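protein-v2.tsv, holding TSV, C-alpha atoms:
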chain	number	residue	atom	x	y	z
A	210	MET	CA	-42.69	-33.56	-88.15
A	211	LEU	CA	-39.57	-32.66	-86.23
A	212	ASP	CA	-36.99	-30.86	-88.36
A	213	PRO	CA	-34.48	-33.51	-89.55
A	214	GLN	CA	-31.50	-31.44	-88.48
A	215	ALA	CA	-32.97	-30.94	-85.01
A	216	LYS	CA	-33.70	-34.68	-84.84
A	217	ALA	CA	-30.10	-35.45	-85.82
A	218	LEU	CA	-28.91	-33.32	-82.90
A	219	ILE	CA	-31.26	-35.07	-80.46
A	220	ASP	CA	-30.10	-38.48	-81.75
A	221	LEU	CA	-26.44	-37.49	-81.41
A	222	VAL	CA	-26.92	-36.34	-77.82
A	223	ALA	CA	-28.55	-39.70	-77.03
A	224	GLU	CA	-25.85	-41.66	-78.87
A	225	LYS	CA	-23.04	-39.86	-77.03
A	226	GLY	CA	-24.78	-40.37	-73.69
A	227	ILE	CA	-24.56	-36.67	-72.85
A	228	PRO	CA	-26.29	-36.19	-69.50
A	229	PRO	CA	-29.18	-33.72	-69.23
A	230	MET	CA	-28.47	-30.28	-67.80
A	231	HIS	CA	-30.30	-31.02	-64.57
A	232	ALA	CA	-27.91	-33.92	-63.83
A	233	SER	CA	-25.08	-31.50	-62.99
A	234	PRO	CA	-24.63	-28.88	-60.26
A	235	PRO	CA	-24.98	-25.31	-61.60
A	236	VAL	CA	-21.24	-24.56	-61.72
A	237	GLU	CA	-20.59	-27.66	-63.84
A	238	ALA	CA	-23.69	-27.07	-65.97
A	239	ARG	CA	-22.42	-23.60	-66.80
A	240	GLN	CA	-19.08	-24.98	-67.94
A	241	PHE	CA	-20.74	-27.68	-70.08
A	242	TYR	CA	-22.98	-25.09	-71.73
A	243	ARG	CA	-20.02	-22.83	-72.43
A	244	GLU	CA	-17.95	-25.65	-73.95
A	245	ARG	CA	-20.69	-27.30	-76.02
A	246	ARG	CA	-21.68	-24.12	-77.84
A	247	PHE	CA	-18.83	-24.53	-80.33
A	248	PHE	CA	-20.45	-27.64	-81.82
A	249	SER	CA	-23.72	-25.97	-82.79
A	250	GLN	CA	-22.91	-22.28	-83.21
A	251	PRO	CA	-21.38	-20.64	-86.29
A	252	GLU	CA	-18.01	-18.95	-86.10
A	253	PRO	CA	-18.37	-15.52	-84.46
A	254	PRO	CA	-18.46	-12.90	-87.23
A	255	GLU	CA	-16.11	-9.96	-87.30
A	256	VAL	CA	-17.55	-6.72	-85.89
A	257	ALA	CA	-16.31	-3.13	-85.75
A	258	GLU	CA	-15.88	-3.23	-81.97
A	259	SER	CA	-16.52	-5.49	-79.00
A	260	LYS	CA	-15.64	-4.28	-75.54
A	261	ASP	CA	-16.66	-5.26	-72.03
A	262	ILE	CA	-17.69	-2.56	-69.57
A	263	HIS	CA	-19.34	-2.50	-66.16
A	264	VAL	CA	-22.42	-0.50	-65.23
A	265	PRO	CA	-23.81	0.21	-61.74
A	266	GLY	CA	-26.19	-2.43	-60.36
A	267	PRO	CA	-28.23	-3.04	-57.22
A	268	LEU	CA	-25.49	-5.21	-55.67
A	269	GLY	CA	-22.39	-4.06	-57.49
A	270	PRO	CA	-21.16	-3.65	-61.07
A	271	ILE	CA	-22.98	-5.48	-63.89
A	272	PRO	CA	-20.81	-6.74	-66.79
A	273	VAL	CA	-22.04	-5.56	-70.19
A	274	ARG	CA	-20.58	-6.37	-73.60
A	275	VAL	CA	-20.91	-3.57	-76.14
A	276	ILE	CA	-20.83	-4.73	-79.77
A	277	ARG	CA	-20.86	-2.35	-82.73
A	278	PRO	CA	-21.55	-3.65	-86.25
A	279	LEU	CA	-19.03	-4.14	-88.99
A	280	GLY	CA	-18.72	-1.01	-91.12
A	281	SER	CA	-19.90	1.40	-88.43
A	282	LYS	CA	-17.84	4.35	-87.23
A	283	ALA	CA	-16.85	4.85	-83.60
A	284	ASP	CA	-18.75	8.15	-83.34
A	285	GLN	CA	-21.81	6.98	-85.30
A	286	ASN	CA	-25.10	7.32	-83.40
A	287	LEU	CA	-26.53	3.81	-83.75
A	288	PRO	CA	-29.81	2.21	-82.77
A	289	ALA	CA	-29.32	-0.44	-80.10
A	290	LEU	CA	-30.57	-3.79	-78.88
A	291	VAL	CA	-30.18	-4.54	-75.17
A	292	TYR	CA	-29.93	-8.34	-75.01
A	293	TYR	CA	-30.47	-10.72	-72.09
A	294	HIS	CA	-29.05	-14.22	-72.61
A	295	GLY	CA	-30.96	-17.43	-72.01
A	296	GLY	CA	-30.06	-20.35	-69.77
A	297	GLY	CA	-32.85	-20.82	-67.25
A	298	HIS	CA	-31.61	-17.96	-65.03
A	299	VAL	CA	-28.87	-20.42	-63.95
A	300	ILE	CA	-26.45	-20.93	-66.88
A	301	GLY	CA	-25.27	-18.84	-69.83
A	302	ASP	CA	-23.09	-15.73	-70.02
A	303	LEU	CA	-21.71	-13.10	-72.38
A	304	ASP	CA	-19.68	-15.71	-74.27
A	305	THR	CA	-22.44	-18.30	-74.80
A	306	HIS	CA	-24.49	-15.73	-76.72
A	307	ASP	CA	-21.67	-13.70	-78.25
A	308	THR	CA	-22.02	-15.12	-81.78
A	309	LEU	CA	-25.76	-14.44	-81.83
A	310	CYS	CA	-25.27	-10.88	-80.56
A	311	ARG	CA	-22.53	-10.18	-83.09
A	312	THR	CA	-24.68	-11.55	-85.91
A	313	LEU	CA	-27.70	-9.47	-84.90
A	314	ALA	CA	-25.50	-6.37	-84.68
A	315	ASN	CA	-24.22	-6.86	-88.23
A	316	LEU	CA	-27.54	-7.88	-89.79
A	317	ALA	CA	-29.60	-5.16	-88.08
A	318	THR	CA	-26.84	-2.50	-88.31
A	319	CYS	CA	-27.20	-1.70	-84.64
A	320	ALA	CA	-25.21	-1.79	-81.45
A	321	VAL	CA	-25.93	-4.77	-79.21
A	322	LEU	CA	-25.38	-4.47	-75.47
A	323	SER	CA	-25.39	-7.90	-73.83
A	324	ILE	CA	-26.11	-8.02	-70.10
A	325	ASP	CA	-24.43	-10.50	-67.71
A	326	TYR	CA	-27.00	-10.51	-64.90
A	327	ARG	CA	-26.89	-12.33	-61.54
A	328	MET	CA	-28.26	-15.88	-61.60
A	329	GLY	CA	-29.50	-18.62	-59.27
A	330	PRO	CA	-28.87	-20.39	-57.03
A	331	GLU	CA	-26.45	-17.76	-55.76
A	332	HIS	CA	-28.98	-15.00	-56.41
A	333	VAL	CA	-32.70	-15.77	-56.56
A	334	MET	CA	-35.63	-13.94	-58.13
A	335	PRO	CA	-35.84	-10.97	-58.71
A	336	ALA	CA	-32.03	-10.54	-58.85
A	337	ALA	CA	-31.74	-11.17	-62.61
A	338	SER	CA	-34.55	-8.81	-63.59
A	339	ASP	CA	-33.32	-6.16	-61.11
A	340	ASP	CA	-29.92	-6.22	-62.83
A	341	CYS	CA	-31.46	-6.13	-66.31
A	342	VAL	CA	-33.70	-3.20	-65.42
A	343	ALA	CA	-30.81	-1.28	-63.84
A	344	ALA	CA	-28.48	-1.93	-66.78
A	345	THR	CA	-31.13	-1.02	-69.35
A	346	LYS	CA	-31.98	2.25	-67.61
A	347	TRP	CA	-28.27	3.10	-67.32
A	348	ILE	CA	-27.75	2.42	-71.03
A	349	HIS	CA	-30.65	4.69	-71.93
A	350	SER	CA	-29.43	7.52	-69.69
A	351	HIS	CA	-25.85	7.18	-70.97
A	352	ALA	CA	-26.77	6.82	-74.64
A	353	ALA	CA	-24.67	9.82	-75.67
A	354	THR	CA	-21.57	8.35	-74.05
A	355	LEU	CA	-22.22	5.01	-75.77
A	356	ASN	CA	-22.92	6.64	-79.15
A	357	ILE	CA	-26.38	5.12	-79.40
A	358	ASP	CA	-29.74	6.75	-80.10
A	359	PRO	CA	-31.86	6.88	-76.90
A	360	ASN	CA	-35.01	6.96	-79.04
A	361	ARG	CA	-34.12	3.74	-80.89
A	362	ILE	CA	-33.46	1.18	-78.16
A	363	ALA	CA	-34.97	-2.32	-78.38
A	364	ILE	CA	-34.83	-5.02	-75.73
A	365	GLY	CA	-34.78	-8.77	-76.26
A	366	GLY	CA	-33.67	-12.20	-75.17
A	367	ASP	CA	-34.11	-15.93	-75.58
A	368	SER	CA	-35.82	-18.30	-73.12
A	369	ALA	CA	-34.97	-16.95	-69.65
A	370	GLY	CA	-33.71	-13.87	-71.46
A	371	GLY	CA	-37.10	-13.52	-73.14
A	372	HIS	CA	-38.65	-13.66	-69.68
A	373	LEU	CA	-36.29	-10.91	-68.53
A	374	ALA	CA	-37.10	-8.74	-71.56
A	375	ALA	CA	-40.81	-9.06	-70.77
A	376	VAL	CA	-40.19	-8.10	-67.13
A	377	VAL	CA	-38.02	-5.13	-68.14
A	378	ALA	CA	-40.78	-3.90	-70.48
A	379	LEU	CA	-43.39	-4.21	-67.72
A	380	THR	CA	-41.15	-2.51	-65.17
A	381	LEU	CA	-40.31	0.43	-67.42
A	382	LYS	CA	-44.02	0.93	-68.07
A	383	GLN	CA	-44.88	0.82	-64.38
A	384	GLU	CA	-42.09	3.27	-63.54
A	385	GLN	CA	-43.07	5.50	-66.48
A	386	GLY	CA	-39.56	5.15	-67.82
A	387	PHE	CA	-38.52	5.22	-71.46
A	388	LYS	CA	-40.39	2.98	-73.90
A	389	PRO	CA	-38.28	0.58	-75.98
A	390	VAL	CA	-39.16	0.46	-79.67
A	391	LEU	CA	-39.49	-3.36	-79.56
A	392	GLN	CA	-39.46	-6.32	-77.21
A	393	LEU	CA	-37.95	-9.32	-79.02
A	394	LEU	CA	-39.09	-12.42	-77.13
A	395	LEU	CA	-37.54	-15.69	-78.35
A	396	TYR	CA	-39.30	-18.77	-76.94
A	397	PRO	CA	-39.76	-16.86	-73.67
A	398	VAL	CA	-40.52	-18.14	-70.17
A	399	THR	CA	-43.75	-16.36	-69.23
A	400	ASP	CA	-45.49	-18.82	-66.86
A	401	ALA	CA	-43.54	-20.53	-64.08
A	402	SER	CA	-46.41	-22.86	-63.14
A	403	GLN	CA	-45.23	-25.58	-65.57
A	404	GLU	CA	-48.89	-26.51	-66.07
A	405	ARG	CA	-49.44	-25.73	-69.76
A	406	GLU	CA	-50.16	-28.49	-72.24
A	407	SER	CA	-46.86	-28.25	-74.16
A	408	MET	CA	-44.96	-28.73	-70.90
A	409	ARG	CA	-46.64	-32.14	-70.68
A	410	THR	CA	-46.63	-33.14	-74.36
A	411	ARG	CA	-43.16	-31.77	-75.28
A	412	GLY	CA	-41.52	-32.04	-71.88
A	413	GLU	CA	-39.45	-35.13	-72.69
A	414	GLY	CA	-37.33	-36.14	-75.66
A	415	TYR	CA	-36.58	-32.73	-77.19
A	416	LEU	CA	-33.45	-31.67	-75.22
A	417	LEU	CA	-35.15	-29.14	-72.93
A	418	THR	CA	-37.29	-31.22	-70.58
A	419	ARG	CA	-39.88	-30.57	-67.91
A	420	GLU	CA	-37.37	-31.89	-65.36
A	421	THR	CA	-34.69	-29.46	-66.52
A	422	MET	CA	-37.16	-26.58	-66.26
A	423	ALA	CA	-37.98	-27.70	-62.71
A	424	TYR	CA	-34.23	-27.67	-61.97
A	425	PHE	CA	-33.93	-24.10	-63.28
A	426	PHE	CA	-37.00	-22.87	-61.39
A	427	GLY	CA	-35.78	-24.63	-58.25
A	428	HIS	CA	-32.54	-22.65	-58.37
A	429	TYR	CA	-33.87	-19.24	-59.38
A	430	MET	CA	-37.45	-19.28	-58.04
A	431	PRO	CA	-37.21	-21.70	-55.10
A	432	GLU	CA	-40.22	-20.25	-53.28
A	433	GLU	CA	-43.80	-20.59	-54.50
A	434	TRP	CA	-44.58	-16.86	-54.20
A	435	MET	CA	-41.81	-16.12	-56.69
A	436	ARG	CA	-43.53	-18.15	-59.39
A	437	LYS	CA	-46.85	-16.41	-58.77
A	438	ASP	CA	-45.32	-12.93	-58.81
A	439	TRP	CA	-45.46	-11.19	-62.22
A	440	ARG	CA	-41.67	-10.80	-62.08
A	441	GLY	CA	-41.49	-14.61	-62.12
A	442	SER	CA	-44.45	-15.10	-64.48
A	443	PRO	CA	-44.99	-12.04	-66.71
A	444	MET	CA	-48.27	-13.61	-67.83
A	445	LEU	CA	-49.67	-12.71	-64.39
A	446	ALA	CA	-49.06	-8.96	-64.66
A	447	LYS	CA	-52.34	-7.10	-64.08
A	448	ASP	CA	-52.06	-4.86	-67.13
A	449	HIS	CA	-50.21	-5.48	-70.38
A	450	SER	CA	-51.57	-2.46	-72.24
A	451	GLY	CA	-49.17	0.25	-73.35
A	452	LEU	CA	-46.18	-2.07	-73.62
A	453	PRO	CA	-43.67	-1.81	-76.49
A	454	PRO	CA	-44.49	-3.60	-79.76
A	455	ALA	CA	-43.45	-7.24	-79.63
A	456	MET	CA	-42.10	-9.99	-81.82
A	457	VAL	CA	-42.67	-13.37	-80.18
A	458	ILE	CA	-41.01	-16.46	-81.69
A	459	THR	CA	-41.72	-19.99	-80.49
A	460	ALA	CA	-40.69	-23.52	-81.47
A	461	GLY	CA	-43.21	-26.29	-82.03
A	462	TYR	CA	-41.29	-29.03	-80.18
A	463	ASP	CA	-40.66	-26.91	-77.12
A	464	PRO	CA	-42.18	-27.35	-73.65
A	465	LEU	CA	-42.37	-23.52	-73.54
A	466	HIS	CA	-44.38	-23.26	-76.77
A	467	ASP	CA	-47.79	-22.72	-75.20
A	468	GLU	CA	-46.74	-20.00	-72.78
A	469	GLY	CA	-44.99	-18.10	-75.58
A	470	LEU	CA	-48.11	-18.23	-77.74
A	471	ALA	CA	-50.32	-17.32	-74.78
A	472	TYR	CA	-48.16	-14.29	-74.01
A	473	ALA	CA	-48.34	-13.11	-77.63
A	474	ASP	CA	-52.14	-13.44	-77.41
A	475	LYS	CA	-52.15	-11.61	-74.06
A	476	LEU	CA	-50.21	-8.71	-75.60
A	477	SER	CA	-52.46	-8.58	-78.65
A	478	ALA	CA	-55.59	-8.64	-76.48
A	479	ALA	CA	-54.19	-5.67	-74.56
A	480	GLY	CA	-53.74	-3.70	-77.77
A	481	VAL	CA	-49.97	-4.10	-78.05
A	482	PRO	CA	-48.80	-4.38	-81.70
A	483	THR	CA	-47.53	-7.96	-81.69
A	484	GLN	CA	-46.17	-10.31	-84.32
A	485	TYR	CA	-46.06	-14.03	-83.60
A	486	VAL	CA	-44.10	-16.64	-85.53
A	487	CYS	CA	-43.84	-20.33	-84.65
A	488	PHE	CA	-41.08	-22.44	-86.15
A	489	ALA	CA	-43.32	-25.49	-85.94
A	490	ARG	CA	-40.65	-28.15	-86.55
A	491	GLN	CA	-38.01	-26.75	-84.19
A	492	ILE	CA	-36.81	-27.41	-80.66
A	493	HIS	CA	-36.18	-25.02	-77.79
A	494	GLY	CA	-32.93	-23.10	-78.06
A	495	PHE	CA	-32.48	-23.58	-81.80
A	496	ILE	CA	-31.85	-19.95	-82.78
A	497	PRO	CA	-28.09	-19.78	-81.96
A	498	MET	CA	-27.48	-23.19	-83.60
A	499	GLY	CA	-26.82	-21.96	-87.13
A	500	ARG	CA	-23.89	-24.30	-87.69
A	501	ILE	CA	-26.10	-27.39	-87.61
A	502	ILE	CA	-29.70	-26.15	-88.08
A	503	ASP	CA	-30.35	-24.12	-91.23
A	504	GLU	CA	-33.65	-22.76	-89.97
A	505	ALA	CA	-31.80	-21.09	-87.10
A	506	ASN	CA	-30.23	-18.70	-89.60
A	507	THR	CA	-33.67	-17.96	-91.05
A	508	ALA	CA	-34.90	-17.07	-87.57
A	509	VAL	CA	-31.91	-14.80	-86.90
A	510	GLN	CA	-32.52	-12.99	-90.20
A	511	LEU	CA	-36.17	-12.54	-89.22
A	512	CYS	CA	-35.12	-11.05	-85.88
A	513	ALA	CA	-32.70	-8.67	-87.59
A	514	GLN	CA	-35.27	-7.53	-90.14
A	515	THR	CA	-37.81	-6.93	-87.37
A	516	LEU	CA	-35.26	-4.81	-85.50
A	517	ARG	CA	-34.46	-2.82	-88.64
A	518	ASP	CA	-38.16	-2.21	-89.27
A	519	HIS	CA	-38.79	-0.90	-85.77
A	520	PHE	CA	-35.66	1.24	-85.75
A	521	LEU	CA	-36.82	2.77	-89.04
A	522	LYS	CA	-40.31	3.46	-87.65
A	523	ALA	CA	-38.75	5.23	-84.68
A	524	THR	CA	-36.65	7.35	-87.03
A	525	THR	CA	-39.59	8.45	-89.17
A	526	SER	CA	-42.21	8.90	-86.42

Could you quickly redo this structure as structure tokens?
Amino acid sequence: MLDPQAKALIDLVAEKGIPPMHASPPVEARQFYRERRFFSQPEPPEVAESKDIHVPGPLGPIPVRVIRPLGSKADQNLPALVYYHGGGHVIGDLDTHDTLCRTLANLATCAVLSIDYRMGPEHVMPAASDDCVAATKWIHSHAATLNIDPNRIAIGGDSAGGHLAAVVALTLKQEQGFKPVLQLLLYPVTDASQERESMRTRGEGYLLTRETMAYFFGHYMPEEWMRKDWRGSPMLAKDHSGLPPAMVITAGYDPLHDEGLAYADKLSAAGVPTQYVCFARQIHGFIPMGRIIDEANTAVQLCAQTLRDHFLKATTS
């Protein structure tokens, strides 16, 4: 059954007559997403430091938020998570995912560097992944300046951010760049075809809909070739072997469920050490919603423990 707390949220959205995301132009949708986060997200926890910097990108500076965990020292050499926010490659920013990033920093005792990449419709595929790749490579090469350990860098993201993490991992492998210690993929977009079974069976009635996904794809991947390119659909990459270890988390009542599971299976089949966990009673996007969904906090703790485990392995190997 659907988690009662998730169902209460769905019922409240219906009762209030809140329009779906795809009913608004992107600029308005971004503002709605930014404003509504306060209802479902916990209060942002205190951290040792949070500062916004800019790093060089393909078409100008990329905003990055650097968060260091509570109790850490300014000169401490920390492991790091490079995080790419979700939002369909159209909405979301450093603020919409700030609480989650702060929480992961504190629970995993690591720095979190959150990337504010270019989005559609202003910038179409592969703009977002190009920015994320550039920012991630810069962070690795400037690890000493940032007081992070270049040998203990993980990458991760939720939804569209999970897609971007998968593309970054594939790109780094192809370019023979550094190898992250983990790719943390939270209900990721991995197949832009919209043809999987869960897109049909869970594509209506659970907040994220098939129509909303079509809206997002229409803005970020407006041309068919983009959706068939591995940078649009990481599932279609020719070779997944040699990628960083992965943790893939899905939600049972999510139109993206099947492609997340299929990607975990694809990684495992290619010999990539992969853990897969499905929160069977949850909806898409639940992980930041710890104020109203208890299981969200369980998922965040799982993510943090997975990060700690992989940072420790990198230290001892």

Pick out the residues sitting within 8 Å of region 419-435 of chain A, and hand them over as an NGL selection string; count all atoms listed in the file, and ignore anything fewer than 3 positions along from it in its own chain.
-> :A and (229-231 or 297-299 or 328-330 or 332-334 or 401 or 403 or 408-409 or 412-413 or 438 or 440-441 or 464)

For the residues in that selection, give me C-alpha atoms as a tab-separated table (two decimals), in the coordinates of the input.
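The resulting out36.tsv:
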chain	number	residue	atom	x	y	z
A	229	PRO	CA	-29.18	-33.72	-69.23
A	230	MET	CA	-28.47	-30.28	-67.80
A	231	HIS	CA	-30.30	-31.02	-64.57
A	297	GLY	CA	-32.85	-20.82	-67.25
A	298	HIS	CA	-31.61	-17.96	-65.03
A	299	VAL	CA	-28.87	-20.42	-63.95
A	328	MET	CA	-28.26	-15.88	-61.60
A	329	GLY	CA	-29.50	-18.62	-59.27
A	330	PRO	CA	-28.87	-20.39	-57.03
A	332	HIS	CA	-28.98	-15.00	-56.41
A	333	VAL	CA	-32.70	-15.77	-56.56
A	334	MET	CA	-35.63	-13.94	-58.13
A	401	ALA	CA	-43.54	-20.53	-64.08
A	403	GLN	CA	-45.23	-25.58	-65.57
A	408	MET	CA	-44.96	-28.73	-70.90
A	409	ARG	CA	-46.64	-32.14	-70.68
A	412	GLY	CA	-41.52	-32.04	-71.88
A	413	GLU	CA	-39.45	-35.13	-72.69
A	438	ASP	CA	-45.32	-12.93	-58.81
A	440	ARG	CA	-41.67	-10.80	-62.08
A	441	GLY	CA	-41.49	-14.61	-62.12
A	464	PRO	CA	-42.18	-27.35	-73.65

Across A:Arg327, A:Gln385, A:Leu417, A:Thr354, the smallest distance to Leu373 (chain A), with all atoms listed in the file counted, is shown by A:Arg327

8 Å contact set for Ser442 (chain A), all atoms listed in the file, chain neighbours under 5 positions out, as a PyMOL selection string = chain A and resi 372+398-401+436-437

How would you write as a list in words the residues that get within 6 Å of (-24.2, -21.5, -59.4) in the file's frame, counting all atoms listed in the file?
->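 Residues found, by chain and rising number: Pro235, Val236, Pro330 and Glu331 of chain A.
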
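For the pair CA of Tyr292 (chain A) and CA of Ser323 (chain A), the separation is 4.7 Å.
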
Who sits within 8 Å of Cys341 (chain A), only C-alpha atoms, same chain under 5 positions skipped, as a PDB file with C-alpha atoms, keeping the file's coordinate frame:
ATOM      1  CA  TYR A 293     -30.470 -10.720 -72.090  1.00  0.00           C
ATOM      2  CA  ILE A 324     -26.110  -8.020 -70.100  1.00  0.00           C
ATOM      3  CA  TYR A 326     -27.000 -10.510 -64.900  1.00  0.00           C
ATOM      4  CA  LEU A 373     -36.290 -10.910 -68.530  1.00  0.00           C
ATOM      5  CA  VAL A 377     -38.020  -5.130 -68.140  1.00  0.00           C
TER       6      VAL A 377
END

Measuring atom to atom with all atoms listed in the file, identify which of A:Ser402, A:Pro213, A:His294, A:Gly451 is nearest to Gly365 (chain A).
-> A:His294

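We find CA of Leu379 (chain A) and CA of Arg517 (chain A) to be spaced 22.8 Å apart.
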
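CA of Gly414 (chain A) to CA of Ile219 (chain A) spans 7.8 Å [interatomic distance, one decimal].
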
From the set A:Ala523, A:Ile502, A:Leu221, A:Leu452, which residue has the shortest atom-to-atom contact distance to Pro359 (chain A), counting all atoms listed in the file?
->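 Of A:Ala523, A:Ile502, A:Leu221, A:Leu452, the one nearest Pro359 (chain A) is A:Ala523, counting all atoms listed in the file.
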
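These residues, each with an atom at most 12 Å from (-37.3, -13.1, -90.7) using all atoms listed in the file, are A:Leu313, A:Leu316, A:Ala317, A:Met456, A:Val457, A:Ile458, A:Gln484, A:Tyr485, A:Val486, A:Cys487, A:Phe488, A:Ile496, A:Glu504, A:Ala505, A:Asn506, A:Thr507, A:Ala508, A:Val509, A:Gln510, A:Leu511, A:Cys512, A:Ala513, A:Gln514, A:Thr515, A:Leu516, A:Arg517, A:Asp518.
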
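Remark: for Val291 (chain A), the closest of the candidate residues A:Ala363, A:Val273, A:Val256, A:Leu218 is A:Ala363 (distances computed over all atoms listed in the file).
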